[in-house]
Amino acid sequence: MTIEIMDTTLRDGEQTSGVSFSVQEKLSIARLLLEDVGVDRLEIASARVSDGEFEAVRRIVEWAERNGHLYKLEVLGFVDGEVSLNWIRKAGCKVINLLCKGSYRHVKYQLKKTPEQHIADIKALLQKADSMGIDANIYLEDWSNGMKDSKEYVFTMVDALQDEKIRRFMLPDTLGVLNPDQTYTFCREMRERYPQLHFDFHPHNDYDLAVANVFSAVKAKVNGVHTTVNGLGERAGNAPLSSVVAILHDQLKVKTSIREKEINHVSRMVETYSGMRIPSNMPVVGENVFTQCAGVHADGDSKNNLYYNDLLPERFGRVREYALGKTSGKANIRKNLENLGIELDDDSMKKVTERIIQLGDKKEMVTPEDLPYILSDVLGYDQSEQRIKLLNYSLSIAQGLHPAATVKVEIDGQQYQETASGDGQYDAFVRAMRKIYKELGRPFPILTNYSVSIPPGGRTDAFVQTIISWRYKEVDFKTRGLEADQTEAAIVATLKMLNKIERM
């Protein structure tokens with residue numbers, strides 16, 4: 001069984017509050033969906049909306065005609081005589097998705113017509129479309145409420161139209177009111193009553209049931225389903241293309257034309273164009289959905305893939321990641337080290353794990369890019385004997401005043417405290433330490449260079465590595481500190497320096 005996918009990101013998706021695609025963005029999305037992702041059909045606009053919409057349709061049509069996709073493009077039109085048809089024909093499109101009324105309430109209260117009058121209007125428009133060489137599909141708008149409240153009206157409509165030149169009857173859950181049981185029952189009724197007709201199901205997500213309703217509609221043997229990229233759409237949105245493809249392929253074992261590996265790319269492009277962020281936990285395309293955080297999961301993955309399911313990230317052009325943080329444990333760290341080609345002994349692994357847990361309390365996530373910095377920080381410094389310990393410090397900065405620092409340290413079991421001001425917070429910290437060393441009659445090394453770096457990517461939440469060069473008794477050496485804050489990293493590097501000169 002093969003299910004047809006019609007994507008309506010460029011029409012229904014653009015009805016998301018605050019979303020408006022430029023002409024070039026619409027053309028880019030159309031190309032990605034038709035040529036890369038492989039959707040069967042694309043609803044690209046509503047007729048009569050604006051001059052900008054007309055220009056976008058015209059540009060997409062020109063591209064599609066050159067590349068053999070013209071009859072895959074569809075435009076929403078209205079029962080308005082020839083107005084929509086003329087708009088669509090002038091833009092060069094060959095398919096109208098005619099918006100008809102699928103519930104008695106809509107005919108009675110919105111159109112203020114009888115069912116017979118509405119049917120007559122539809123038939124007249126279909127004849128005009130045929131004479132213009134425009135194919136027609138029809139939406140039965142509010143079909144879900146029609147089946148719930150006025151089923152005989154729905155059947156009257158389809159009975160009257162079933163022999164007309166209509167390629168597809170499209171069944172919208174316009175207000176997102178159906179549940180999966182109702183969806184199955186109503187779609188099954190349509191299929192059994194009209195086995196010769198092609199039916200599409202068009203879900204909305206008001207109760208967070210759009211994807212589940214697609215599942216039920218396909219079980220009931222509909223021929224096609226409608227999606228949008230990232231679930232864009234009015235109110236709570238439509239069924240996301242990514243999730244729909246996953247359940248069709250994995251749960252229902254049906255075929256589609258979709259190339260799964262291209263889904264993530266088009267999702268990111270639409271995220272950029274629309275300005276609507278993809279939730280981190282969104283299935284298939286969310287940032288975190290292929291990231292294992294718990295160490296026990298990474299351990300299980302190493303033991304016969306115990307925590308894998310059929311949603312392998314490689315299917316969708318992604319890779320599995322293992323988060324580093326306070327819950328990750330050794331297994332996650334080993335997975336990341338394997339990717340870096342690094343192997344550690346048990347003692348080193350213990351040190352690195354403890355350091356990542358400490359850092360994880362200060363930062364939302366420790367990333368793989370941070371890992372080399374952590375390794376150099378931990379393994380390049382012997383913490384077995386620290387004669388000088390930093391007990392506490394306070395840094396302050398205020399407009400118009402010099403930054404100040406109060407420092408409390410323990411040296412060989414004795415506690416010392418001093419306060420100093422400086423040109424910056426770190427300078428104030430060093431001046432306070434110099435006071436303590438002067439009181440003890442000890443020389444304090446000279447700082448000769450100071451550099452700061454962050455892991456690749458330029459994230460604002462990246463760890464900061466501070467490398468400080470020192471001169472002490474004609475010996476030059478460096479120490480480094482790694483923290484979430486630059487000043488803290490410099491203080492860590494300074495403390496390492498002080499313990500180093502104790503051993504010297």
# chains A, B, ... in the order shown; residues from 1 in each chain; ligands from 1
>>> residues_around(residues="stretch 475-478 of chain A", least_positions_apart="4", cutoff="12 Å", atoms="only C-alpha atoms", output="PyMOL selection string")
chain A and resi 377+380-381+445-451+466-471+490+493-498+500-501+504
>>> write_last_selection(atoms="N, CA, C and O atoms", output="compact mmCIF listing (two decimals), in the first residue's frame")
# COMPACT_ATOMS: atom_id res chain seq x y z
N ASP A 377 42.57 19.99 30.97
CA ASP A 377 42.47 20.61 32.29
C ASP A 377 42.69 19.60 33.41
O ASP A 377 43.43 19.86 34.36
N GLY A 380 46.24 17.19 32.79
CA GLY A 380 47.51 17.92 32.80
C GLY A 380 47.83 18.53 34.15
O GLY A 380 48.76 19.33 34.26
N TYR A 381 47.11 18.16 35.19
CA TYR A 381 47.30 18.80 36.50
C TYR A 381 47.14 17.76 37.59
O TYR A 381 46.11 17.09 37.69
N PRO A 445 54.94 34.96 41.63
CA PRO A 445 55.36 34.93 40.23
C PRO A 445 54.84 36.13 39.43
O PRO A 445 53.85 36.76 39.79
N ILE A 446 55.50 36.39 38.31
CA ILE A 446 55.10 37.46 37.40
C ILE A 446 54.24 36.88 36.28
O ILE A 446 54.60 35.86 35.67
N LEU A 447 53.12 37.49 36.04
CA LEU A 447 52.25 37.08 34.93
C LEU A 447 52.82 37.68 33.64
O LEU A 447 52.96 38.89 33.52
N THR A 448 53.14 36.82 32.66
CA THR A 448 53.75 37.31 31.42
C THR A 448 52.80 37.27 30.22
O THR A 448 53.01 37.98 29.24
N ASN A 449 51.77 36.42 30.28
CA ASN A 449 50.80 36.37 29.17
C ASN A 449 49.49 35.78 29.67
O ASN A 449 49.47 35.00 30.63
N TYR A 450 48.43 36.15 28.98
CA TYR A 450 47.09 35.75 29.41
C TYR A 450 46.25 35.57 28.15
O TYR A 450 46.10 36.49 27.35
N SER A 451 45.72 34.37 27.93
CA SER A 451 44.90 34.14 26.74
C SER A 451 43.65 33.38 27.11
O SER A 451 43.63 32.58 28.06
N THR A 466 41.20 29.49 30.14
CA THR A 466 42.16 30.58 30.32
C THR A 466 43.55 29.98 30.51
O THR A 466 43.74 29.12 31.38
N ILE A 467 44.47 30.39 29.68
CA ILE A 467 45.86 29.93 29.78
C ILE A 467 46.72 31.13 30.18
O ILE A 467 46.74 32.15 29.49
N ILE A 468 47.42 30.99 31.30
CA ILE A 468 48.24 32.08 31.83
C ILE A 468 49.71 31.65 31.83
O ILE A 468 50.04 30.55 32.29
N SER A 469 50.55 32.51 31.30
CA SER A 469 52.00 32.26 31.31
C SER A 469 52.62 33.00 32.50
O SER A 469 52.28 34.16 32.77
N TRP A 470 53.55 32.30 33.19
CA TRP A 470 54.16 32.85 34.41
C TRP A 470 55.69 32.76 34.31
O TRP A 470 56.22 31.93 33.59
N ARG A 471 56.35 33.63 35.08
CA ARG A 471 57.80 33.52 35.28
C ARG A 471 58.07 33.51 36.78
O ARG A 471 57.62 34.40 37.50
N ALA A 490 40.37 31.99 35.18
CA ALA A 490 41.67 32.59 35.48
C ALA A 490 42.08 32.32 36.92
O ALA A 490 43.26 32.07 37.22
N ALA A 493 43.37 28.80 37.16
CA ALA A 493 44.72 28.74 36.61
C ALA A 493 45.74 29.29 37.60
O ALA A 493 46.86 28.78 37.73
N THR A 494 45.36 30.33 38.32
CA THR A 494 46.26 30.94 39.31
C THR A 494 46.50 30.00 40.48
O THR A 494 47.64 29.86 40.96
N LEU A 495 45.46 29.35 40.94
CA LEU A 495 45.61 28.40 42.05
C LEU A 495 46.52 27.24 41.64
O LEU A 495 47.35 26.77 42.43
N LYS A 496 46.38 26.77 40.41
CA LYS A 496 47.26 25.71 39.92
C LYS A 496 48.71 26.19 39.91
O LYS A 496 49.64 25.43 40.24
N MET A 497 48.91 27.44 39.51
CA MET A 497 50.25 28.01 39.49
C MET A 497 50.86 28.03 40.89
O MET A 497 52.02 27.64 41.09
N LEU A 498 50.09 28.45 41.87
CA LEU A 498 50.63 28.56 43.23
C LEU A 498 51.01 27.19 43.80
O LEU A 498 52.04 27.06 44.48
N LYS A 500 51.89 24.68 41.93
CA LYS A 500 53.01 24.22 41.12
C LYS A 500 54.34 24.76 41.67
O LYS A 500 55.32 24.03 41.78
N ILE A 501 54.36 26.06 42.05
CA ILE A 501 55.61 26.62 42.55
C ILE A 501 55.95 26.07 43.93
O ILE A 501 57.13 26.04 44.33
N MET A 504 57.91 23.20 43.10
CA MET A 504 59.19 23.57 42.50
C MET A 504 60.22 23.90 43.58
O MET A 504 61.42 23.77 43.37
>>> residues_around(residues="A:Leu33", least_positions_apart="2", cutoff="12 Å", atoms="only C-alpha atoms", output="ChimeraX atom specification")
/A:5-10,26-31,35-44,64,69,72-73,227-229,241,257-260,262-267,269-270
>>> residues_around(residues="A:Leu197", least_positions_apart="5", cutoff="8 Å", atoms="only C-alpha atoms", output="number ranges by chain")
A: 162, 168-169, 191
>>> closest_residue(among="A:Ala136, A:Met433, A:Val95, A:Val79", to="A:Leu111", atoms="only C-alpha atoms")
A:Val79
>>> residues_around(residues="A:Pro443", least_positions_apart="5", cutoff="10 Å", atoms="only C-alpha atoms", output="ChimeraX atom specification")
/A:434,437-438,472-473
>>> atom_distance(atom1="atom CA of A:Ser216", atom2="atom CA of A:Asp142")
18.1 Å
>>> closest_residue(among="A:Val492, A:Val19, A:Ile411, A:Leu248", to="A:Leu232", atoms="only C-alpha atoms")
A:Val19
>>> closest_residue(among="A:Leu390, A:Ala420, A:Val289, A:Leu311", to="A:His402", atoms="only C-alpha atoms")
A:Ala420
>>> residues_around(residues="A:Met190", least_positions_apart="6", cutoff="12 Å", atoms="only C-alpha atoms", output="list in words")
Trp143, Ser144, Met147, Lys151, Glu152, Val154, Phe155, Val158, Asp159, Gln162, Phe169, Met170, Leu171, Thr183, Tyr184, Gln196, Leu197, His198, Phe199, Asp200, Phe201, Ala217, Ala220, Lys221, Val222 and Asn223 of chain A
>>> residues_around(residues="A:Gln417", least_positions_apart="4", cutoff="9 Å", atoms="only C-alpha atoms", output="ChimeraX atom specification")
/A:406-410,432-433,436
